[in-house]
Amino acid sequence: MVNPKVSRHPIICYRPLRPSDLPILQQLHADVFPIRYESEFFQNVVNARDIVSWGAVDRSRPNGHSDELIGFVTARIVLANESEIGDLLSYDSSKSDQSLVYILTLGVVDSYRNLGIASSLIGEVIKYAINIPTCRAVYLHVISYNIPAIHLYKKMSFKCVRRLPGFYLISGQHYDSYLFVYYVNGGRSPCSPLELVTVAVSYVSKGLKSVAARLRKNNEKWPKWSKCKESRRLVATQSKRNLTTECSGCECV
């Protein structure tokens with residue numbers, strides 16, 4: 001288990017991962033995650049093959065350990081129209097270059113936790129995504145029982161947009177996953193407040209027009225105000241139900 005002692009005044013720095021980090025990176029993943037990653041994954045990380053990464057090191061550590069990893073984050077770029085969150089993102093689908101950054105793994109050794117290192121590593125990913133003009137969001141999965149991680153992402157303004165039942169299979173047992181999204185460069189949920197208002201107004205407007213048409217046609221059969229009041233109430237209720245169905249996210253702890 002990799003668990004170095006923290007100095008009284010740690011000097012935390014961040015840098016890209018490199019081939020010399022391979023052994024410690026593999027050990028850290030084994031310590032942090034309950035699932036096993038293939039050796040090809042680690043080779044792609046340290047050689048920057050379609051994966052971007054950052055490592056955290058403590059420059060104050062003695063005896064040649066000042067450049068040894070104490071934390072890491074890995075991520076990759078994916079096309080928006082090929083991602084699993086395409087329906088959760090409002091973007092111009094006619095532009096095939098619209099992209100996202102997907103966080104693959106994130107971890108910090110036990111003795112260096114609660115020092116803001118994980119937040120800083122995520123911040124590196126967000127800054128990277130912002131500097132890609134076509135990128136619209138950063139997203140990731142988190143297992144449902146990882147409460148500290150869920151609180152961290154919510155604190156950093158990630159939005160919990162979906163719950164995926166049985167997403168993880170660990171030691172023969174299924175666990176749910178939460179999907180978190182952080183929008184960048186104008187990216188946003190298709191259910192933004194403005195769009196909710198627009199949809200609501202559209203539903204109500206169409207409903208009222210339909211009611212008015214029926215009232216004109218059946219003026220002699222039903223009392224005008226009684227019918228209008230009841231119809232408007234039904235339209236509003238239907239509109240609210242539709243909006244909830246289309247725009248609801250997930251509930252996180």
# chains A, B, ... in the order shown; residues from 1 in each chain; ligands from 1

call {"tool": "select_by_dssp", "arguments": {"residues": "region 146-191 of chain A", "states": "helix (DSSP H, G or I)", "output": "ChimeraX atom specification"}}
result
/A:147-155

call {"tool": "write_last_selection", "arguments": {"atoms": "N, CA and C atoms", "output": "PDB file, in the first residue's frame"}}
result
ATOM      1  N   ILE A 147     -19.683   8.415  -1.077  1.00  0.00           N
ATOM      2  CA  ILE A 147     -20.287   9.672  -0.624  1.00  0.00           C
ATOM      3  C   ILE A 147     -19.302  10.846  -0.637  1.00  0.00           C
ATOM      4  N   PRO A 148     -18.045  10.678  -0.184  1.00  0.00           N
ATOM      5  CA  PRO A 148     -17.108  11.809  -0.238  1.00  0.00           C
ATOM      6  C   PRO A 148     -16.915  12.342  -1.660  1.00  0.00           C
ATOM      7  N   ALA A 149     -16.825  11.436  -2.642  1.00  0.00           N
ATOM      8  CA  ALA A 149     -16.654  11.878  -4.026  1.00  0.00           C
ATOM      9  C   ALA A 149     -17.891  12.624  -4.514  1.00  0.00           C
ATOM     10  N   ILE A 150     -19.067  12.126  -4.164  1.00  0.00           N
ATOM     11  CA  ILE A 150     -20.312  12.787  -4.565  1.00  0.00           C
ATOM     12  C   ILE A 150     -20.365  14.199  -3.999  1.00  0.00           C
ATOM     13  N   HIS A 151     -20.005  14.344  -2.737  1.00  0.00           N
ATOM     14  CA  HIS A 151     -19.995  15.679  -2.119  1.00  0.00           C
ATOM     15  C   HIS A 151     -18.967  16.591  -2.789  1.00  0.00           C
ATOM     16  N   LEU A 152     -17.827  16.029  -3.161  1.00  0.00           N
ATOM     17  CA  LEU A 152     -16.787  16.820  -3.819  1.00  0.00           C
ATOM     18  C   LEU A 152     -17.275  17.360  -5.153  1.00  0.00           C
ATOM     19  N   TYR A 153     -17.874  16.509  -5.972  1.00  0.00           N
ATOM     20  CA  TYR A 153     -18.326  16.944  -7.295  1.00  0.00           C
ATOM     21  C   TYR A 153     -19.440  17.980  -7.185  1.00  0.00           C
ATOM     22  N   LYS A 154     -20.333  17.779  -6.223  1.00  0.00           N
ATOM     23  CA  LYS A 154     -21.403  18.762  -6.044  1.00  0.00           C
ATOM     24  C   LYS A 154     -20.824  20.103  -5.576  1.00  0.00           C
ATOM     25  N   LYS A 155     -19.825  20.046  -4.706  1.00  0.00           N
ATOM     26  CA  LYS A 155     -19.178  21.261  -4.221  1.00  0.00           C
ATOM     27  C   LYS A 155     -18.503  22.015  -5.364  1.00  0.00           C
TER      28      LYS A 155
END

call {"tool": "residues_around", "arguments": {"residues": "Tyr175 (chain A)", "least_positions_apart": "2", "cutoff": "9 Å", "atoms": "only C-alpha atoms", "output": "NGL selection string"}}
result
:A and (143-145 or 164-170 or 173 or 177)

call {"tool": "write_last_selection", "arguments": {"atoms": "N, CA and C atoms", "output": "PDB file, in the first residue's frame"}}
result
ATOM      1  N   ILE A 143     -19.414   5.769  -8.299  1.00  0.00           N
ATOM      2  CA  ILE A 143     -20.192   4.682  -7.712  1.00  0.00           C
ATOM      3  C   ILE A 143     -21.069   5.230  -6.583  1.00  0.00           C
ATOM      4  N   SER A 144     -22.258   4.691  -6.443  1.00  0.00           N
ATOM      5  CA  SER A 144     -23.272   5.285  -5.569  1.00  0.00           C
ATOM      6  C   SER A 144     -22.882   5.345  -4.094  1.00  0.00           C
ATOM      7  N   TYR A 145     -21.991   4.470  -3.633  1.00  0.00           N
ATOM      8  CA  TYR A 145     -21.647   4.491  -2.208  1.00  0.00           C
ATOM      9  C   TYR A 145     -20.448   5.391  -1.891  1.00  0.00           C
ATOM     10  N   LEU A 164     -27.501   5.390 -12.981  1.00  0.00           N
ATOM     11  CA  LEU A 164     -27.408   4.210 -13.836  1.00  0.00           C
ATOM     12  C   LEU A 164     -27.426   2.956 -12.968  1.00  0.00           C
ATOM     13  N   PRO A 165     -28.561   2.276 -12.879  1.00  0.00           N
ATOM     14  CA  PRO A 165     -28.666   1.082 -12.029  1.00  0.00           C
ATOM     15  C   PRO A 165     -27.741  -0.045 -12.505  1.00  0.00           C
ATOM     16  N   GLY A 166     -27.042  -0.656 -11.560  1.00  0.00           N
ATOM     17  CA  GLY A 166     -26.205  -1.810 -11.864  1.00  0.00           C
ATOM     18  C   GLY A 166     -25.054  -1.530 -12.808  1.00  0.00           C
ATOM     19  N   PHE A 167     -24.580  -0.296 -12.845  1.00  0.00           N
ATOM     20  CA  PHE A 167     -23.527   0.084 -13.806  1.00  0.00           C
ATOM     21  C   PHE A 167     -22.214  -0.639 -13.527  1.00  0.00           C
ATOM     22  N   TYR A 168     -21.871  -0.780 -12.258  1.00  0.00           N
ATOM     23  CA  TYR A 168     -20.619  -1.444 -11.884  1.00  0.00           C
ATOM     24  C   TYR A 168     -20.891  -2.885 -11.442  1.00  0.00           C
ATOM     25  N   LEU A 169     -19.987  -3.772 -11.812  1.00  0.00           N
ATOM     26  CA  LEU A 169     -20.034  -5.154 -11.339  1.00  0.00           C
ATOM     27  C   LEU A 169     -18.717  -5.427 -10.622  1.00  0.00           C
ATOM     28  N   ILE A 170     -18.789  -5.556  -9.293  1.00  0.00           N
ATOM     29  CA  ILE A 170     -17.603  -5.738  -8.466  1.00  0.00           C
ATOM     30  C   ILE A 170     -17.776  -6.977  -7.605  1.00  0.00           C
ATOM     31  N   GLN A 173     -21.163  -8.469  -7.539  1.00  0.00           N
ATOM     32  CA  GLN A 173     -22.285  -7.654  -7.077  1.00  0.00           C
ATOM     33  C   GLN A 173     -22.402  -6.379  -7.890  1.00  0.00           C
ATOM     34  N   SER A 177     -24.443   3.711 -10.439  1.00  0.00           N
ATOM     35  CA  SER A 177     -23.507   4.797 -10.708  1.00  0.00           C
ATOM     36  C   SER A 177     -24.287   6.096 -10.885  1.00  0.00           C
TER      37      SER A 177
END

call {"tool": "select_by_dssp", "arguments": {"residues": "region 26-176 of chain A", "states": "strand (DSSP E or B)", "output": "PyMOL selection string"}}
result
chain A and resi 52-58+69-79+90+99-108+135-143+159-170+173-176

call {"tool": "residues_around", "arguments": {"residues": "Arg8 (chain A)", "least_positions_apart": "2", "cutoff": "12 Å", "atoms": "only C-alpha atoms", "output": "ChimeraX atom specification"}}
result
/A:5-6,10-11,58,60-61,112

call {"tool": "residues_around", "arguments": {"residues": "Ile132 (chain A)", "least_positions_apart": "2", "cutoff": "12 Å", "atoms": "only C-alpha atoms", "output": "list in words"}}
result
Ile77, Asp97, Gln98, Ser99, Leu100, Val101, Val125, Ile126, Lys127, Tyr128, Ala129, Ile130, Thr134, Cys135, Arg136, Ala137, Val138, Val184, Asn185 and Gly186 of chain A

call {"tool": "residues_around", "arguments": {"residues": "Val57 (chain A)", "least_positions_apart": "6", "cutoff": "6 Å", "atoms": "only C-alpha atoms", "output": "ChimeraX atom specification"}}
result
/A:12-13,67-70

call {"tool": "atom_distance", "arguments": {"atom1": "CA of Phe41 (chain A)", "atom2": "CA of Gly107 (chain A)"}}
result
15.6 Å

call {"tool": "residues_around", "arguments": {"residues": "Ile24 (chain A)", "least_positions_apart": "4", "cutoff": "12 Å", "atoms": "only C-alpha atoms", "output": "VMD selection string"}}
result
chain A and resid 1 to 3 17 to 20 28 to 31 42 46 55 57 65 67 to 72 109

call {"tool": "write_last_selection", "arguments": {"atoms": "N, CA, C and O atoms", "output": "PDB file, in the first residue's frame"}}
result
ATOM      1  N   MET A   1       0.843  -1.191   0.000  1.00  0.00           N
ATOM      2  CA  MET A   1       0.000   0.000   0.000  1.00  0.00           C
ATOM      3  C   MET A   1       0.876   1.239   0.000  1.00  0.00           C
ATOM      4  O   MET A   1       1.793   1.369   0.806  1.00  0.00           O
ATOM      5  N   VAL A   2       0.591   2.176  -0.922  1.00  0.00           N
ATOM      6  CA  VAL A   2       1.340   3.417  -1.001  1.00  0.00           C
ATOM      7  C   VAL A   2       0.688   4.420  -0.064  1.00  0.00           C
ATOM      8  O   VAL A   2      -0.436   4.851  -0.278  1.00  0.00           O
ATOM      9  N   ASN A   3       1.385   4.791   1.007  1.00  0.00           N
ATOM     10  CA  ASN A   3       0.813   5.727   1.972  1.00  0.00           C
ATOM     11  C   ASN A   3       1.930   6.501   2.657  1.00  0.00           C
ATOM     12  O   ASN A   3       2.194   6.318   3.847  1.00  0.00           O
ATOM     13  N   LEU A  17       1.639  13.126 -16.284  1.00  0.00           N
ATOM     14  CA  LEU A  17       2.226  11.822 -15.986  1.00  0.00           C
ATOM     15  C   LEU A  17       3.181  11.425 -17.096  1.00  0.00           C
ATOM     16  O   LEU A  17       3.037  11.847 -18.247  1.00  0.00           O
ATOM     17  N   ARG A  18       4.183  10.610 -16.769  1.00  0.00           N
ATOM     18  CA  ARG A  18       5.190  10.203 -17.743  1.00  0.00           C
ATOM     19  C   ARG A  18       5.565   8.736 -17.523  1.00  0.00           C
ATOM     20  O   ARG A  18       5.173   8.129 -16.506  1.00  0.00           O
ATOM     21  N   PRO A  19       6.304   8.143 -18.452  1.00  0.00           N
ATOM     22  CA  PRO A  19       6.621   6.710 -18.355  1.00  0.00           C
ATOM     23  C   PRO A  19       7.243   6.280 -17.034  1.00  0.00           C
ATOM     24  O   PRO A  19       6.973   5.179 -16.545  1.00  0.00           O
ATOM     25  N   SER A  20       8.055   7.122 -16.422  1.00  0.00           N
ATOM     26  CA  SER A  20       8.693   6.746 -15.156  1.00  0.00           C
ATOM     27  C   SER A  20       7.689   6.599 -14.012  1.00  0.00           C
ATOM     28  O   SER A  20       8.009   6.031 -12.969  1.00  0.00           O
ATOM     29  N   LEU A  28      -1.038   2.739  -7.165  1.00  0.00           N
ATOM     30  CA  LEU A  28      -2.059   3.655  -6.657  1.00  0.00           C
ATOM     31  C   LEU A  28      -3.455   3.237  -7.110  1.00  0.00           C
ATOM     32  O   LEU A  28      -4.413   3.275  -6.332  1.00  0.00           O
ATOM     33  N   HIS A  29      -3.589   2.831  -8.366  1.00  0.00           N
ATOM     34  CA  HIS A  29      -4.891   2.384  -8.863  1.00  0.00           C
ATOM     35  C   HIS A  29      -5.350   1.131  -8.117  1.00  0.00           C
ATOM     36  O   HIS A  29      -6.525   0.990  -7.794  1.00  0.00           O
ATOM     37  N   ALA A  30      -4.414   0.233  -7.858  1.00  0.00           N
ATOM     38  CA  ALA A  30      -4.761  -0.988  -7.127  1.00  0.00           C
ATOM     39  C   ALA A  30      -5.217  -0.666  -5.705  1.00  0.00           C
ATOM     40  O   ALA A  30      -6.106  -1.326  -5.157  1.00  0.00           O
ATOM     41  N   ASP A  31      -4.613   0.361  -5.100  1.00  0.00           N
ATOM     42  CA  ASP A  31      -4.968   0.746  -3.739  1.00  0.00           C
ATOM     43  C   ASP A  31      -6.304   1.488  -3.671  1.00  0.00           C
ATOM     44  O   ASP A  31      -7.070   1.322  -2.722  1.00  0.00           O
ATOM     45  N   PHE A  42      -2.631   1.645 -18.539  1.00  0.00           N
ATOM     46  CA  PHE A  42      -1.531   2.392 -17.919  1.00  0.00           C
ATOM     47  C   PHE A  42      -0.490   2.824 -18.944  1.00  0.00           C
ATOM     48  O   PHE A  42       0.053   3.932 -18.855  1.00  0.00           O
ATOM     49  N   VAL A  46       0.618   6.840 -19.432  1.00  0.00           N
ATOM     50  CA  VAL A  46       1.960   7.410 -19.255  1.00  0.00           C
ATOM     51  C   VAL A  46       2.601   7.815 -20.576  1.00  0.00           C
ATOM     52  O   VAL A  46       3.545   8.627 -20.592  1.00  0.00           O
ATOM     53  N   GLY A  55      -0.469  14.487 -12.537  1.00  0.00           N
ATOM     54  CA  GLY A  55      -0.092  13.862 -11.286  1.00  0.00           C
ATOM     55  C   GLY A  55       0.201  14.921 -10.243  1.00  0.00           C
ATOM     56  O   GLY A  55       0.631  16.037 -10.577  1.00  0.00           O
ATOM     57  N   VAL A  57       2.481  15.789  -6.849  1.00  0.00           N
ATOM     58  CA  VAL A  57       3.691  15.379  -6.142  1.00  0.00           C
ATOM     59  C   VAL A  57       3.941  16.371  -5.006  1.00  0.00           C
ATOM     60  O   VAL A  57       3.472  17.512  -5.045  1.00  0.00           O
ATOM     61  N   HIS A  65      12.067  11.313  -2.953  1.00  0.00           N
ATOM     62  CA  HIS A  65      10.641  11.034  -3.210  1.00  0.00           C
ATOM     63  C   HIS A  65       9.863  12.290  -3.599  1.00  0.00           C
ATOM     64  O   HIS A  65       8.645  12.255  -3.694  1.00  0.00           O
ATOM     65  N   ASP A  67       9.418  13.702  -6.299  1.00  0.00           N
ATOM     66  CA  ASP A  67       8.724  13.665  -7.587  1.00  0.00           C
ATOM     67  C   ASP A  67       7.860  12.405  -7.713  1.00  0.00           C
ATOM     68  O   ASP A  67       7.422  12.052  -8.797  1.00  0.00           O
ATOM     69  N   GLU A  68       7.612  11.739  -6.589  1.00  0.00           N
ATOM     70  CA  GLU A  68       6.808  10.514  -6.598  1.00  0.00           C
ATOM     71  C   GLU A  68       5.329  10.867  -6.465  1.00  0.00           C
ATOM     72  O   GLU A  68       4.944  11.711  -5.657  1.00  0.00           O
ATOM     73  N   LEU A  69       4.493  10.189  -7.223  1.00  0.00           N
ATOM     74  CA  LEU A  69       3.066  10.510  -7.254  1.00  0.00           C
ATOM     75  C   LEU A  69       2.399  10.300  -5.901  1.00  0.00           C
ATOM     76  O   LEU A  69       2.625   9.307  -5.221  1.00  0.00           O
ATOM     77  N   ILE A  70       1.540  11.264  -5.554  1.00  0.00           N
ATOM     78  CA  ILE A  70       0.663  11.112  -4.395  1.00  0.00           C
ATOM     79  C   ILE A  70      -0.802  11.261  -4.819  1.00  0.00           C
ATOM     80  O   ILE A  70      -1.714  11.091  -4.000  1.00  0.00           O
ATOM     81  N   GLY A  71      -1.013  11.583  -6.077  1.00  0.00           N
ATOM     82  CA  GLY A  71      -2.364  11.715  -6.609  1.00  0.00           C
ATOM     83  C   GLY A  71      -2.317  11.750  -8.124  1.00  0.00           C
ATOM     84  O   GLY A  71      -1.263  11.984  -8.726  1.00  0.00           O
ATOM     85  N   PHE A  72      -3.458  11.517  -8.754  1.00  0.00           N
ATOM     86  CA  PHE A  72      -3.494  11.462 -10.226  1.00  0.00           C
ATOM     87  C   PHE A  72      -4.922  11.691 -10.722  1.00  0.00           C
ATOM     88  O   PHE A  72      -5.895  11.513  -9.979  1.00  0.00           O
ATOM     89  N   VAL A 109      -3.604   9.403  -2.432  1.00  0.00           N
ATOM     90  CA  VAL A 109      -3.237   8.464  -1.363  1.00  0.00           C
ATOM     91  C   VAL A 109      -3.851   8.929  -0.041  1.00  0.00           C
ATOM     92  O   VAL A 109      -4.078  10.123   0.170  1.00  0.00           O
TER      93      VAL A 109
END

call {"tool": "atom_distance", "arguments": {"atom1": "CA of Leu121 (chain A)", "atom2": "CA of Val52 (chain A)"}}
result
11.9 Å

call {"tool": "decode", "arguments": {"residues": "region 28-65 of chain A", "atoms": "N, CA and C atoms", "output": "PDB file, in the first residue's frame"}}
result
ATOM      1  N   LEU A  28      -1.038   2.739  -7.165  1.00  0.00           N
ATOM      2  CA  LEU A  28      -2.059   3.655  -6.657  1.00  0.00           C
ATOM      3  C   LEU A  28      -3.455   3.237  -7.110  1.00  0.00           C
ATOM      4  N   HIS A  29      -3.589   2.831  -8.366  1.00  0.00           N
ATOM      5  CA  HIS A  29      -4.891   2.384  -8.863  1.00  0.00           C
ATOM      6  C   HIS A  29      -5.350   1.131  -8.117  1.00  0.00           C
ATOM      7  N   ALA A  30      -4.414   0.233  -7.858  1.00  0.00           N
ATOM      8  CA  ALA A  30      -4.761  -0.988  -7.127  1.00  0.00           C
ATOM      9  C   ALA A  30      -5.217  -0.666  -5.705  1.00  0.00           C
ATOM     10  N   ASP A  31      -4.613   0.361  -5.100  1.00  0.00           N
ATOM     11  CA  ASP A  31      -4.968   0.746  -3.739  1.00  0.00           C
ATOM     12  C   ASP A  31      -6.304   1.488  -3.671  1.00  0.00           C
ATOM     13  N   VAL A  32      -6.572   2.299  -4.684  1.00  0.00           N
ATOM     14  CA  VAL A  32      -7.733   3.188  -4.639  1.00  0.00           C
ATOM     15  C   VAL A  32      -9.012   2.530  -5.156  1.00  0.00           C
ATOM     16  N   PHE A  33      -8.905   1.723  -6.206  1.00  0.00           N
ATOM     17  CA  PHE A  33     -10.105   1.208  -6.871  1.00  0.00           C
ATOM     18  C   PHE A  33     -10.340  -0.278  -6.607  1.00  0.00           C
ATOM     19  N   PRO A  34     -11.611  -0.666  -6.539  1.00  0.00           N
ATOM     20  CA  PRO A  34     -11.940  -2.076  -6.308  1.00  0.00           C
ATOM     21  C   PRO A  34     -11.942  -2.908  -7.591  1.00  0.00           C
ATOM     22  N   ILE A  35     -11.641  -2.271  -8.719  1.00  0.00           N
ATOM     23  CA  ILE A  35     -11.596  -2.989  -9.988  1.00  0.00           C
ATOM     24  C   ILE A  35     -10.177  -2.946 -10.552  1.00  0.00           C
ATOM     25  N   ARG A  36      -9.882  -3.897 -11.406  1.00  0.00           N
ATOM     26  CA  ARG A  36      -8.531  -4.019 -11.966  1.00  0.00           C
ATOM     27  C   ARG A  36      -8.483  -3.394 -13.353  1.00  0.00           C
ATOM     28  N   TYR A  37      -7.446  -2.603 -13.600  1.00  0.00           N
ATOM     29  CA  TYR A  37      -7.241  -1.990 -14.912  1.00  0.00           C
ATOM     30  C   TYR A  37      -6.175  -2.754 -15.678  1.00  0.00           C
ATOM     31  N   GLU A  38      -6.389  -2.889 -16.981  1.00  0.00           N
ATOM     32  CA  GLU A  38      -5.447  -3.620 -17.817  1.00  0.00           C
ATOM     33  C   GLU A  38      -4.148  -2.830 -17.985  1.00  0.00           C
ATOM     34  N   SER A  39      -3.061  -3.539 -18.250  1.00  0.00           N
ATOM     35  CA  SER A  39      -1.756  -2.888 -18.414  1.00  0.00           C
ATOM     36  C   SER A  39      -1.758  -1.929 -19.598  1.00  0.00           C
ATOM     37  N   GLU A  40      -2.580  -2.224 -20.600  1.00  0.00           N
ATOM     38  CA  GLU A  40      -2.655  -1.338 -21.770  1.00  0.00           C
ATOM     39  C   GLU A  40      -3.150   0.053 -21.371  1.00  0.00           C
ATOM     40  N   PHE A  41      -4.073   0.093 -20.426  1.00  0.00           N
ATOM     41  CA  PHE A  41      -4.579   1.381 -19.956  1.00  0.00           C
ATOM     42  C   PHE A  41      -3.449   2.229 -19.385  1.00  0.00           C
ATOM     43  N   PHE A  42      -2.631   1.645 -18.539  1.00  0.00           N
ATOM     44  CA  PHE A  42      -1.531   2.392 -17.919  1.00  0.00           C
ATOM     45  C   PHE A  42      -0.490   2.824 -18.944  1.00  0.00           C
ATOM     46  N   GLN A  43      -0.230   1.976 -19.925  1.00  0.00           N
ATOM     47  CA  GLN A  43       0.713   2.343 -20.983  1.00  0.00           C
ATOM     48  C   GLN A  43       0.180   3.529 -21.783  1.00  0.00           C
ATOM     49  N   ASN A  44      -1.115   3.528 -22.042  1.00  0.00           N
ATOM     50  CA  ASN A  44      -1.715   4.647 -22.779  1.00  0.00           C
ATOM     51  C   ASN A  44      -1.660   5.937 -21.962  1.00  0.00           C
ATOM     52  N   VAL A  45      -1.825   5.811 -20.647  1.00  0.00           N
ATOM     53  CA  VAL A  45      -1.790   6.994 -19.783  1.00  0.00           C
ATOM     54  C   VAL A  45      -0.396   7.622 -19.773  1.00  0.00           C
ATOM     55  N   VAL A  46       0.618   6.840 -19.432  1.00  0.00           N
ATOM     56  CA  VAL A  46       1.960   7.410 -19.255  1.00  0.00           C
ATOM     57  C   VAL A  46       2.601   7.815 -20.576  1.00  0.00           C
ATOM     58  N   ASN A  47       2.090   7.282 -21.680  1.00  0.00           N
ATOM     59  CA  ASN A  47       2.621   7.658 -22.994  1.00  0.00           C
ATOM     60  C   ASN A  47       1.692   8.606 -23.739  1.00  0.00           C
ATOM     61  N   ALA A  48       0.660   9.095 -23.049  1.00  0.00           N
ATOM     62  CA  ALA A  48      -0.273  10.079 -23.608  1.00  0.00           C
ATOM     63  C   ALA A  48      -0.887   9.626 -24.927  1.00  0.00           C
ATOM     64  N   ARG A  49      -1.312   8.368 -24.974  1.00  0.00           N
ATOM     65  CA  ARG A  49      -1.983   7.838 -26.164  1.00  0.00           C
ATOM     66  C   ARG A  49      -3.490   8.023 -26.009  1.00  0.00           C
ATOM     67  N   ASP A  50      -3.998   9.099 -26.547  1.00  0.00           N
ATOM     68  CA  ASP A  50      -5.433   9.433 -26.488  1.00  0.00           C
ATOM     69  C   ASP A  50      -5.935   9.647 -25.063  1.00  0.00           C
ATOM     70  N   ILE A  51      -5.044   9.794 -24.112  1.00  0.00           N
ATOM     71  CA  ILE A  51      -5.422  10.062 -22.726  1.00  0.00           C
ATOM     72  C   ILE A  51      -4.561  11.206 -22.198  1.00  0.00           C
ATOM     73  N   VAL A  52      -5.192  12.155 -21.535  1.00  0.00           N
ATOM     74  CA  VAL A  52      -4.456  13.237 -20.884  1.00  0.00           C
ATOM     75  C   VAL A  52      -4.440  12.951 -19.384  1.00  0.00           C
ATOM     76  N   SER A  53      -3.419  13.411 -18.708  1.00  0.00           N
ATOM     77  CA  SER A  53      -3.294  13.073 -17.288  1.00  0.00           C
ATOM     78  C   SER A  53      -2.469  14.119 -16.545  1.00  0.00           C
ATOM     79  N   TRP A  54      -2.707  14.166 -15.235  1.00  0.00           N
ATOM     80  CA  TRP A  54      -1.936  15.020 -14.340  1.00  0.00           C
ATOM     81  C   TRP A  54      -1.631  14.242 -13.074  1.00  0.00           C
ATOM     82  N   GLY A  55      -0.469  14.487 -12.537  1.00  0.00           N
ATOM     83  CA  GLY A  55      -0.092  13.862 -11.286  1.00  0.00           C
ATOM     84  C   GLY A  55       0.201  14.921 -10.243  1.00  0.00           C
ATOM     85  N   ALA A  56      -0.034  14.592  -8.985  1.00  0.00           N
ATOM     86  CA  ALA A  56       0.305  15.478  -7.873  1.00  0.00           C
ATOM     87  C   ALA A  56       1.530  14.918  -7.170  1.00  0.00           C
ATOM     88  N   VAL A  57       2.481  15.789  -6.849  1.00  0.00           N
ATOM     89  CA  VAL A  57       3.691  15.379  -6.142  1.00  0.00           C
ATOM     90  C   VAL A  57       3.941  16.371  -5.006  1.00  0.00           C
ATOM     91  N   ASP A  58       4.650  15.909  -3.984  1.00  0.00           N
ATOM     92  CA  ASP A  58       4.985  16.764  -2.843  1.00  0.00           C
ATOM     93  C   ASP A  58       6.486  17.042  -2.882  1.00  0.00           C
ATOM     94  N   ARG A  59       6.833  18.262  -3.274  1.00  0.00           N
ATOM     95  CA  ARG A  59       8.245  18.633  -3.421  1.00  0.00           C
ATOM     96  C   ARG A  59       8.995  18.668  -2.100  1.00  0.00           C
ATOM     97  N   SER A  60       8.281  18.626  -0.991  1.00  0.00           N
ATOM     98  CA  SER A  60       8.956  18.686   0.318  1.00  0.00           C
ATOM     99  C   SER A  60       9.377  17.303   0.822  1.00  0.00           C
ATOM    100  N   ARG A  61       9.001  16.261   0.115  1.00  0.00           N
ATOM    101  CA  ARG A  61       9.358  14.912   0.592  1.00  0.00           C
ATOM    102  C   ARG A  61      10.858  14.660   0.425  1.00  0.00           C
ATOM    103  N   PRO A  62      11.479  14.042   1.421  1.00  0.00           N
ATOM    104  CA  PRO A  62      12.936  13.815   1.383  1.00  0.00           C
ATOM    105  C   PRO A  62      13.309  12.509   0.692  1.00  0.00           C
ATOM    106  N   ASN A  63      14.606  12.280   0.638  1.00  0.00           N
ATOM    107  CA  ASN A  63      15.170  11.005   0.167  1.00  0.00           C
ATOM    108  C   ASN A  63      14.744  10.615  -1.244  1.00  0.00           C
ATOM    109  N   GLY A  64      14.711  11.598  -2.121  1.00  0.00           N
ATOM    110  CA  GLY A  64      14.437  11.308  -3.528  1.00  0.00           C
ATOM    111  C   GLY A  64      12.992  11.018  -3.865  1.00  0.00           C
ATOM    112  N   HIS A  65      12.067  11.313  -2.953  1.00  0.00           N
ATOM    113  CA  HIS A  65      10.641  11.034  -3.210  1.00  0.00           C
ATOM    114  C   HIS A  65       9.863  12.290  -3.599  1.00  0.00           C
TER     115      HIS A  65
END
